[in-house]
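Q: I have a structure here, written as structure tokens, and I will follow up with some questions on it.
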Amino acid sequence: MFEQLKEQPADKILMLIQMYREDNRTNKIDLGVGVYKDATGLTPIMRAVKEAEQRWWGEETTKAYTGLAGDPAFGDAMVGLVLGDAVSRDQVAAVATPGGTGAVRQAFELIQMANPAARIFVSNPTWPNHLSIMKHLGIEAVPYRYFDETTCAVDFAGMMEDLGDVKAGDVVLLHGCCHNPTGANLNMTEWQAVIELMNARGVIPMIDIAYQGFGDGLNEDAAATRAVVSECPEVLIAASCSKNFGIYRERTGLLMAVSHDKAGHKVTQGNLAYLNRQNYSFPPDHGARLVTMVLNDAELRADWQAELEDVRQGMLGLREQLATELQRVSGSDRFGFVAQHRGMFSRLGLAPEIVEKLRVEHGIYMVGDSRINIAGLNSETVPILANAIVSAGG
Ligand code: LMR
């Protein structure tokens with residue numbers, strides 16, 4: 001049987017991790033996978049998470065299953081964090097999932113169960129795994145223009161024109177904040193126009209929010225998602241705790257299905273639990289437990305927010321420094337967008353040959369589409385990157 005299997009294409013982001021590991025140069029720079037790193041290159045365990053873990057080690061009395069939807073307290077805490085008071089809790093069906101990717105996968109499956117004919121409109125570009133999971137499930141992905149390669153800003157006119165092709169029952173996948181891979185985001189006026197179009201055409205928004213707190217702040221980064229849930233009748237939201245709680249390997253995420261029709265809520269909740277059961281039965285608990293403890297304890301929460309804010313400010317500082325340095329070395333303003341972008345990533349608009357040259361000649365690793373992880377830099381490597389980009393012809 002196994003001889004029938006075909007080679008699968010390598011994931012472009014994960015491939016870079018391996019290539020970087022195998023590079024013996026001591027001055028190599030990793031700007032690939034979206035994992036936060038401090039100035040010394042480490043991915044720290046956040047203080048509040050460590051404290052919660054220590055407490056939980058003492059308090060935990062059983063490893064028996066939780067529930068198919070995970071611990072309801074996790075759902076409550078996360079609905080509060082992401083949606084604030086934009087909707088009431090009884091309008092939200094929610095299940096814990098293994099990471100944000102688990103939530104994305106379950107959302108796609110729910111869409112397929114509810115409407116097998118639904119197409120999903122995705123930004124061009126989007127996180128490559130969105131497309132890969134859709135292909136795996138046999139869901140039709142329809143790209144909409146999003147990024148202007150020349151200005152490295154959002155091509156909003158192109159986006160709205162392409163979204164004009166939606167049909168009732170289609171889904172539009174949007175990044176709640178900190179667009180991955182570009183770093184270019186819609187402003188609130190643009191979000192409002194997208195909301196109006198979606199409502200006028202009867203399409204379902206699906207929001208992937210994986211970097212809340214990495215852009216303009218916890219509430220600011222959730223503002224668009226909150227506007228969508230308060231104005232659209234039905235919304236799917238895949239939230240990740242990997243980045244903002246730094247618990248990547250604990251696989252902690254939440255899928256929310258918001259409906260203004262409370263009658264359907266119980267059925268939706270049942271379908272989400274059913275999907276969990278079919279795919280992995282009970283979702284993992286450890287990371288979800290830590291997140292719940294941090295969010296529900298005033299002291300831990302304040303400390304977590306303070307540390308997250310330091311992380312955010314650190315990345316903003318690196319953005320400013322890189323934009324300034326690129327301006328100095330290139331003698332032009334063409335990289336000014338780096339300071340305007342938000343989140344962990346910026347797509348620099350470099351040709352694939354230049355990305356290749358940076359890796360081969362300078363030991364600088366970025367995704368082939370010229371996406372860089374800002375957190376992979378520090379104040380000493382910023383000038384090295386700027387010089388290398390310009391000398392490589394970028
Ligand atoms: C990324 O985009 O680098 C992250 O979301 C990690 C991943 O799984 O691709």
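Ordered as shown in the structure tokens, chains take letters A, B, and onward, while each chain numbers its residues from 1 and ligands are numbered from 1 in the order shown.
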Can I get the residues close to ligand 1 as a PyMOL selection string, where close means within 7 Å and we count only C-alpha atoms and all ligand atoms?
A: chain A and resi 13-14+32-35+127+129+180-181
Q: Could you name the residues that touch A:Leu68 at 12 Å or less, counting only C-alpha atoms, but leaving out those on the same chain fewer than 2 positions away, as a list in words?
A: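 The filter keeps Tyr65, Thr66, Gly70, Asp71, Pro72, Gly75, Ala94, Val95, Ala96, Thr97, Gln269, Gly270, Asn271, Leu272, Ala273, Tyr274, Leu275, Asn276, Arg277, Gln278, Asn279, Tyr280, Ser281, Phe282, Pro283, Pro284 and Asp285 of chain A.
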Q: Using only C-alpha atoms, which of the listed residues (A:Thr61, A:Asn185, A:Gln327, A:Gln106) sits closest to A:Ser123?
A: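 Distance minimum relative to A:Ser123 lands on A:Asn185.
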Q: Could you give me, as a ChimeraX atom specification, the residues within 8 Å of stretch 374-389 of chain A, counting only C-alpha atoms and dropping anything in the same chain fewer than 6 positions from it?
A: /A:29-32,35-41,315,318-319,321-322,325-326,329,344-346,354,358,362,364
Q: May I have all residues of stretch 161-362 of chain A that DSSP, computed from the backbone, assigns to helix (DSSP H, G or I), given as a ChimeraX atom specification?
A: /A:161-163,188-201,218-231,248-250,262-279,286-296,298-330,337-340,352-362
Q: Considering only C-alpha atoms, return as a VMD selection string whatever protein or nucleic-acid residues lie within 10 Å of stretch 204-206 of chain A, sequence-local ones (same chain, fewer than 2 positions apart) excluded.
A: chain A and resid 104 107 to 108 111 118 120 to 122 168 to 176 194 to 195 198 to 199 201 to 202 208 to 209 225 228 to 229 232 to 238 256 to 257
Q: Would you mind exporting C-alpha atoms of the selected residues as a short mmCIF file (atom, residue, chain, number, x, y, z; two decimals), in the first residue's frame?
A:
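The resulting file, part-v8.cif, is shown below:
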data_model
loop_
_atom_site.label_atom_id
_atom_site.label_comp_id
_atom_site.auth_asym_id
_atom_site.auth_seq_id
_atom_site.Cartn_x
_atom_site.Cartn_y
_atom_site.Cartn_z
CA VAL A 104 -8.41 26.67 10.85
CA ALA A 107 -13.39 25.74 10.49
CA PHE A 108 -12.78 24.56 6.92
CA ILE A 111 -17.81 25.05 6.20
CA ALA A 118 -18.87 27.03 -0.62
CA ILE A 120 -13.25 30.27 0.19
CA PHE A 121 -11.82 33.58 -0.98
CA VAL A 122 -8.25 34.02 0.25
CA ALA A 168 -24.06 34.07 -1.37
CA GLY A 169 -22.78 31.22 0.80
CA ASP A 170 -19.11 31.74 -0.10
CA VAL A 171 -16.60 32.42 2.67
CA VAL A 172 -14.05 35.23 2.79
CA LEU A 173 -10.94 34.43 4.81
CA LEU A 174 -9.43 37.51 6.45
CA HIS A 175 -6.45 37.95 8.77
CA GLY A 176 -7.70 39.69 11.92
CA VAL A 194 -15.39 44.88 3.46
CA ILE A 195 -18.04 44.24 6.15
CA MET A 198 -19.91 40.81 2.81
CA ASN A 199 -23.27 41.61 4.36
CA ARG A 201 -23.67 39.71 -0.70
CA GLY A 202 -24.57 37.17 1.99
CA ASP A 208 -7.72 33.93 11.33
CA ILE A 209 -6.25 35.81 14.29
CA THR A 225 -12.61 41.09 14.45
CA VAL A 228 -17.04 41.97 12.04
CA VAL A 229 -18.76 39.90 14.75
CA CYS A 232 -22.13 40.22 10.38
CA PRO A 233 -24.82 37.60 11.15
CA GLU A 234 -22.43 34.62 11.13
CA VAL A 235 -18.67 34.59 11.59
CA LEU A 236 -15.98 31.94 12.08
CA ILE A 237 -12.87 32.87 14.05
CA ALA A 238 -9.71 30.77 14.42
CA MET A 256 -15.37 30.27 17.52
CA ALA A 257 -18.57 30.29 15.49
#
Q: Between A:Leu16, A:Val294, A:Val311, A:Ala153, single out the one closest to A:Asp216, counting only C-alpha atoms.
A: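 Closest candidate: A:Val311.
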